[in-house]
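Structure, as structure tokens:
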Amino acid sequence: MRGFFAGSTLVQDSPQQAQHTIAPACGECGLYKTCKSPKMPVYGKGQKGVMLVGEAPGQEEDDRGIPFVGKAGLRLRASLEGLGINLKRDCWVTNACLCRPVKNKTPDDSKVDCCRPNLLRAIHEYQPKVIILLGGSACRSLISYSWKDNPGPALRWAGFQIPSQRPNAWICPTYHPSYLGRQNSVLLDRMFDNHLEAAFALKSVPWDTVPDWASQVEVLLDTEQAVRRIRDFIKAQKRTAVDYEANALKPEYEGFKILSCALSSKTLGTISFLWNRKTAEAMEGFWFDPAIEKVASNLKYEDRLTRHFYGRRPRGWFWDTMLAAHHLDCRRGITSVKFQAYVLLGVGGYNDHIEPFLQSSRGKKINEAELEIEPSQLLQYGGEDALYEDLVAEEQIKKMETFQQDR
């Protein structure tokens, strides 16, 4: 039985947003007590509007109070000079940790998190149009803020040009030059130089006005209204992204139930509605019309649920954003619609407040979505999933076409 408040309502502001609105924690890590140049200020004049974020000062940087003057710094400066870039004149330079760690150790996550407010303050003050993240600590510092926690290693991110909405700047992760020195790879060196060149080629912020895509979702709690809008999509026969929300991963599980469905089309907008007898009857005309090109993320899920519910396979599959992501870049951990929405559209984490209830508890196959997620929040989430699938597919198609033209 649902409580007086749904669980998703109780936690909607806690997991992701709250940790980045607390008071700055600078000093709690204690590193300022053991270095010569504590809380090293931002360096450089930034004439090209580009901010570089490193890991932390090393011994030489700490001794001189200037970033990137050691061995790794000389490697970075050489690459920039090859592009006609002067570090001091053209860039602003800072670090994920402003103080040198003891014995030059890689700062652990807690120290990076303590220093994050300093980076955010610098971004707010200098308003860079491009932010180049050098290595894993820099990625954790900023991507944990603009996307979600625990972004993973720099190798997962290197080479992307992310049109971040928060902040409104291009986020361009790449390798730390000290990593290049350890690897001694001609290929990685070339990739690093290419990443820098691509980042400096960006001439303006990604968004004149940051889009509010979430507000475009029509949350339809009224069944009759939902049926009318479903029929609009069927009649138009336009390419449409579709997304189910259910209480389990597999329809064969006892107690399985489709909870909602969402449709998104560039011309028809985005709708999200509860799944019941009437909406299911209306959706039959959508699923089995081959003239409607259908888009999904990991479409085998929607395909399997549809076959289980109706007893026959849907027709008109056109695009799977997960397969396309893998085709464009075969690295692990980058194919989900959440990841793709971030790297292609700059969309931050939009499911933090309900994600705990979408996951099955250990030993259970049925999740708590129906009991703990308030219906309008579930529909909003499903609608955003479909909307971003549609937008991601559009960007992927452009990339595929560019790839074919370049061959």
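Here, A, B, ... name the chains of the structure tokens in the order displayed, residue numbers run from 1 inside each chain, and ligands are numbered from 1 in the same displayed order.
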| said: At a cut-off of 10 Å, using only C-alpha atoms, what residues contact Asp193 in chain A? Leave out same-chain residues fewer than 5 positions from it and give the result as a ChimeraX atom specification. | reply: /A:76,78-80,82-83,174,188,198-199
| request: Do a neighbour search on Arg307 in chain A at 12 Å with only C-alpha atoms, toss out local chain neighbours closer than 3 positions, and write the hits as a PyMOL selection string. | output: chain A and resi 250-252+284+287-288+300-304+310-315
With N, CA and C atoms retained, could you export that selection as a JSON list (two decimals), in the first residue's frame?
```json
[["chain", "number", "residue", "atom", "x", "y", "z"],
["A", 250, "LYS", "N", 11.99, -8.45, -16.98],
["A", 250, "LYS", "CA", 11.52, -9.50, -17.87],
["A", 250, "LYS", "C", 10.02, -9.73, -17.69],
["A", 251, "PRO", "N", 9.27, -9.77, -18.77],
["A", 251, "PRO", "CA", 7.82, -9.95, -18.66],
["A", 251, "PRO", "C", 7.41, -11.32, -18.16],
["A", 252, "GLU", "N", 8.32, -12.28, -18.18],
["A", 252, "GLU", "CA", 7.98, -13.63, -17.71],
["A", 252, "GLU", "C", 7.93, -13.73, -16.19],
["A", 284, "GLU", "N", -2.02, -0.52, -29.96],
["A", 284, "GLU", "CA", -1.92, -1.63, -30.91],
["A", 284, "GLU", "C", -1.78, -1.09, -32.33],
["A", 287, "TRP", "N", 1.97, 0.01, -32.67],
["A", 287, "TRP", "CA", 3.00, -1.01, -32.68],
["A", 287, "TRP", "C", 3.06, -1.82, -33.97],
["A", 288, "PHE", "N", 1.93, -1.99, -34.62],
["A", 288, "PHE", "CA", 1.90, -2.92, -35.76],
["A", 288, "PHE", "C", 1.72, -2.23, -37.10],
["A", 300, "LYS", "N", 15.40, -4.15, -27.82],
["A", 300, "LYS", "CA", 14.97, -5.52, -27.54],
["A", 300, "LYS", "C", 14.06, -5.58, -26.32],
["A", 301, "TYR", "N", 14.19, -4.61, -25.43],
["A", 301, "TYR", "CA", 13.31, -4.56, -24.25],
["A", 301, "TYR", "C", 11.89, -4.23, -24.67],
["A", 302, "GLU", "N", 11.72, -3.12, -25.42],
["A", 302, "GLU", "CA", 10.38, -2.75, -25.89],
["A", 302, "GLU", "C", 9.81, -3.84, -26.80],
["A", 303, "ASP", "N", 10.66, -4.43, -27.63],
["A", 303, "ASP", "CA", 10.22, -5.49, -28.53],
["A", 303, "ASP", "C", 9.72, -6.69, -27.72],
["A", 304, "ARG", "N", 10.46, -7.07, -26.71],
["A", 304, "ARG", "CA", 10.09, -8.25, -25.91],
["A", 304, "ARG", "C", 8.80, -8.02, -25.12],
["A", 310, "TYR", "N", 1.05, -8.45, -26.53],
["A", 310, "TYR", "CA", 0.12, -8.61, -27.65],
["A", 310, "TYR", "C", 0.20, -9.98, -28.32],
["A", 311, "GLY", "N", 1.27, -10.71, -28.07],
["A", 311, "GLY", "CA", 1.40, -12.02, -28.68],
["A", 311, "GLY", "C", 1.97, -11.99, -30.08],
["A", 312, "ARG", "N", 2.50, -10.87, -30.52],
["A", 312, "ARG", "CA", 3.13, -10.80, -31.84],
["A", 312, "ARG", "C", 4.17, -9.67, -31.84],
["A", 313, "ARG", "N", 5.09, -9.76, -32.76],
["A", 313, "ARG", "CA", 6.22, -8.84, -32.80],
["A", 313, "ARG", "C", 5.80, -7.51, -33.43],
["A", 314, "PRO", "N", 6.26, -6.39, -32.85],
["A", 314, "PRO", "CA", 5.97, -5.08, -33.45],
["A", 314, "PRO", "C", 6.67, -4.92, -34.79],
["A", 315, "ARG", "N", 6.18, -4.01, -35.59],
["A", 315, "ARG", "CA", 6.75, -3.78, -36.91],
["A", 315, "ARG", "C", 7.25, -2.33, -37.01]]
```
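Shortest atom-to-atom contact with Pro128 in chain A among A:Ser204, A:Ser110, A:Thr34, A:Asn150: A:Ser204, counting only C-alpha atoms.
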| task | Output as number ranges by chain all residues of range 198-335 of chain A that backbone DSSP marks as helix (DSSP H, G or I). | result | A: 198-200, 213-216, 223-236, 277-287, 299-310, 321-328
| task | Quick one: everything within 9 Å of Ile66 in chain A, counting only C-alpha atoms, minus sequence neighbours fewer than 5 positions away in the same chain. Send it as a PyMOL selection string. | result | chain A and resi 37+40-41+43+57+60-61
| DSSP-assigned strand (DSSP E or B) members of range 9-137 of chain A, reported as a PyMOL selection string | chain A and resi 43+50-54+91-95+130-134
